[in-house]
Amino acid sequence: MGVRSAVQSLETTDESAAGPIVTARNLYRFFRADDEETLALQGISLELRAGELVAVTGPSGSGKSTLLACLAGIDDPSGGMVWVAGNRISHVPEVVRAPLRARHIGLLFQSGNLFPHLSVTDNVRLSRSLVRGRDRADDRDVLESADIRHRAASYPHQLSGGEAARAGLAVALANHPEVLLADEPTGELDGESERRLLELLRQHAASGGAVVVASHSPAVRRIADRVLRLEDGRDVS
């Protein structure tokens with residue numbers, strides 16, 4: 001069975017097009033090292049709809065990054081299930097997860113979003129190459145949406161911290177994903193750079209995207225529609 005057939009044959013949610021873009025139900029994640037077991041997630045559920053920006057907060061080690069990894073299909077929950085755009089992305093082979101992730105999910109991290117030997121434009125094009133049928137004419141629109149078009153020909157080492165963060169956002173938005181997952185995207189930015197990046201994330205949600213931002217920053221909580229607070233892997237919102 002090919003990837004396309006495998007994706008189409010997955011169990012999907014019975015939500016309508018107006019339903020949640022992301023549905024996570026009763027997520028658990030356990031890690032074991034020798035005789036010690038860490039409970040990273042303990043029964044987390046989440047629904048995310050178009051136009052929403054949700055902040056995931058909590059102290060270091062509370063499970064924020066683990067939750068985002070499970071939502072993206074980068075990590076599999078030990079228990080529970082995740083659906084993205086009606087497709088099950090947990091407990092399926094990576095050959096199925098990868099194209100779903102490339103098509104439906106944009107990922108933005110604190111650092112490491114860019115390949116250092118590629119220009120900003122080529123980083124965007126590399127991301128776009130993961131999804132068939134993408135037109136390079138859209139590169140300008142993607143760069144414009146991240147407010148980084150003026151640095152399109154620059155390499156990562158030539159960018160300021162704020163510019164690198166916005167270039168990383170352009171890469172995350174390269175395939176016009178329904179879902180944007182951002183893990184501490186402003187952790188290394190000054191106040192003005194953080195403000196500009198958060199404004200762009202808010203604009204993406206306003207245009208119909210769904211955004212989840214894991215962060216310690218009070219500024220992220222202020223712009224969020226909802227706040228999911230984690231402690232020891234539990235939802236204490």
# chains A, B, ... in the order shown; residues from 1 in each chain; ligands from 1
call {"tool": "residues_around", "arguments": {"residues": "Pro177 in chain A", "least_positions_apart": "3", "cutoff": "9 Å", "atoms": "only C-alpha atoms", "output": "list in words"}}
result
Arg101, Ala102, Arg103, His104, Ile105, Gly106, Ala172, Leu173, Ala174, Leu180, Gly209 and Ala210 of chain A
call {"tool": "select_by_dssp", "arguments": {"residues": "range 46-213 of chain A", "states": "helix (DSSP H, G or I)", "output": "VMD selection string"}}
result
chain A and resid 64 to 72 94 to 104 120 to 128 136 to 145 149 to 151 156 to 158 161 to 172 191 to 206
call {"tool": "closest_residue", "arguments": {"among": "A:Leu159, A:Leu197, A:Val179, A:Leu100", "to": "Leu48 in chain A", "atoms": "only C-alpha atoms"}}
result
A:Val179
call {"tool": "closest_residue", "arguments": {"among": "A:His176, A:Arg221, A:Pro93, A:Glu188", "to": "Arg128 in chain A", "atoms": "only C-alpha atoms"}}
result
A:His176
call {"tool": "atom_distance", "arguments": {"atom1": "CA of Val84 in chain A", "atom2": "CA of Arg29 in chain A"}}
result
18.6 Å
call {"tool": "select_by_dssp", "arguments": {"residues": "range 123-189 of chain A", "states": "strand (DSSP E)", "output": "PyMOL selection string"}}
result
chain A and resi 179-183
call {"tool": "write_last_selection", "arguments": {"atoms": "N, CA and C atoms", "output": "PDB file, in the first residue's frame"}}
result
ATOM      1  N   VAL A 179      -1.712  24.024  11.129  1.00  0.00           N
ATOM      2  CA  VAL A 179      -1.289  24.048  12.529  1.00  0.00           C
ATOM      3  C   VAL A 179       0.155  24.533  12.611  1.00  0.00           C
ATOM      4  N   LEU A 180       0.410  25.455  13.524  1.00  0.00           N
ATOM      5  CA  LEU A 180       1.764  25.907  13.803  1.00  0.00           C
ATOM      6  C   LEU A 180       2.067  25.592  15.262  1.00  0.00           C
ATOM      7  N   LEU A 181       3.129  24.815  15.491  1.00  0.00           N
ATOM      8  CA  LEU A 181       3.556  24.454  16.838  1.00  0.00           C
ATOM      9  C   LEU A 181       4.896  25.120  17.107  1.00  0.00           C
ATOM     10  N   ALA A 182       4.951  25.959  18.124  1.00  0.00           N
ATOM     11  CA  ALA A 182       6.157  26.722  18.425  1.00  0.00           C
ATOM     12  C   ALA A 182       6.629  26.404  19.842  1.00  0.00           C
ATOM     13  N   ASP A 183       7.884  25.956  19.968  1.00  0.00           N
ATOM     14  CA  ASP A 183       8.449  25.557  21.254  1.00  0.00           C
ATOM     15  C   ASP A 183       9.478  26.592  21.701  1.00  0.00           C
TER      16      ASP A 183
END
call {"tool": "residues_around", "arguments": {"residues": "His117 in chain A", "least_positions_apart": "2", "cutoff": "8 Å", "atoms": "only C-alpha atoms", "output": "list in words"}}
result
Phe115, Ser119, Tyr155 and Pro156 of chain A
call {"tool": "atom_distance", "arguments": {"atom1": "CA of Leu230 in chain A", "atom2": "CA of Leu114 in chain A"}}
result
29.1 Å
call {"tool": "closest_residue", "arguments": {"among": "A:Ala153, A:Ala50, A:Ala72, A:Val22", "to": "Thr121 in chain A", "atoms": "only C-alpha atoms"}}
result
A:Ala153
call {"tool": "closest_residue", "arguments": {"among": "A:Ala40, A:Ser127, A:Thr57, A:Asp139", "to": "Ala219 in chain A", "atoms": "only C-alpha atoms"}}
result
A:Thr57
call {"tool": "atom_distance", "arguments": {"atom1": "CA of Leu201 in chain A", "atom2": "CA of His91 in chain A"}}
result
29.4 Å
call {"tool": "closest_residue", "arguments": {"among": "A:Ile44, A:Glu144, A:Ser111, A:Asn123", "to": "Leu189 in chain A", "atoms": "only C-alpha atoms"}}
result
A:Ser111
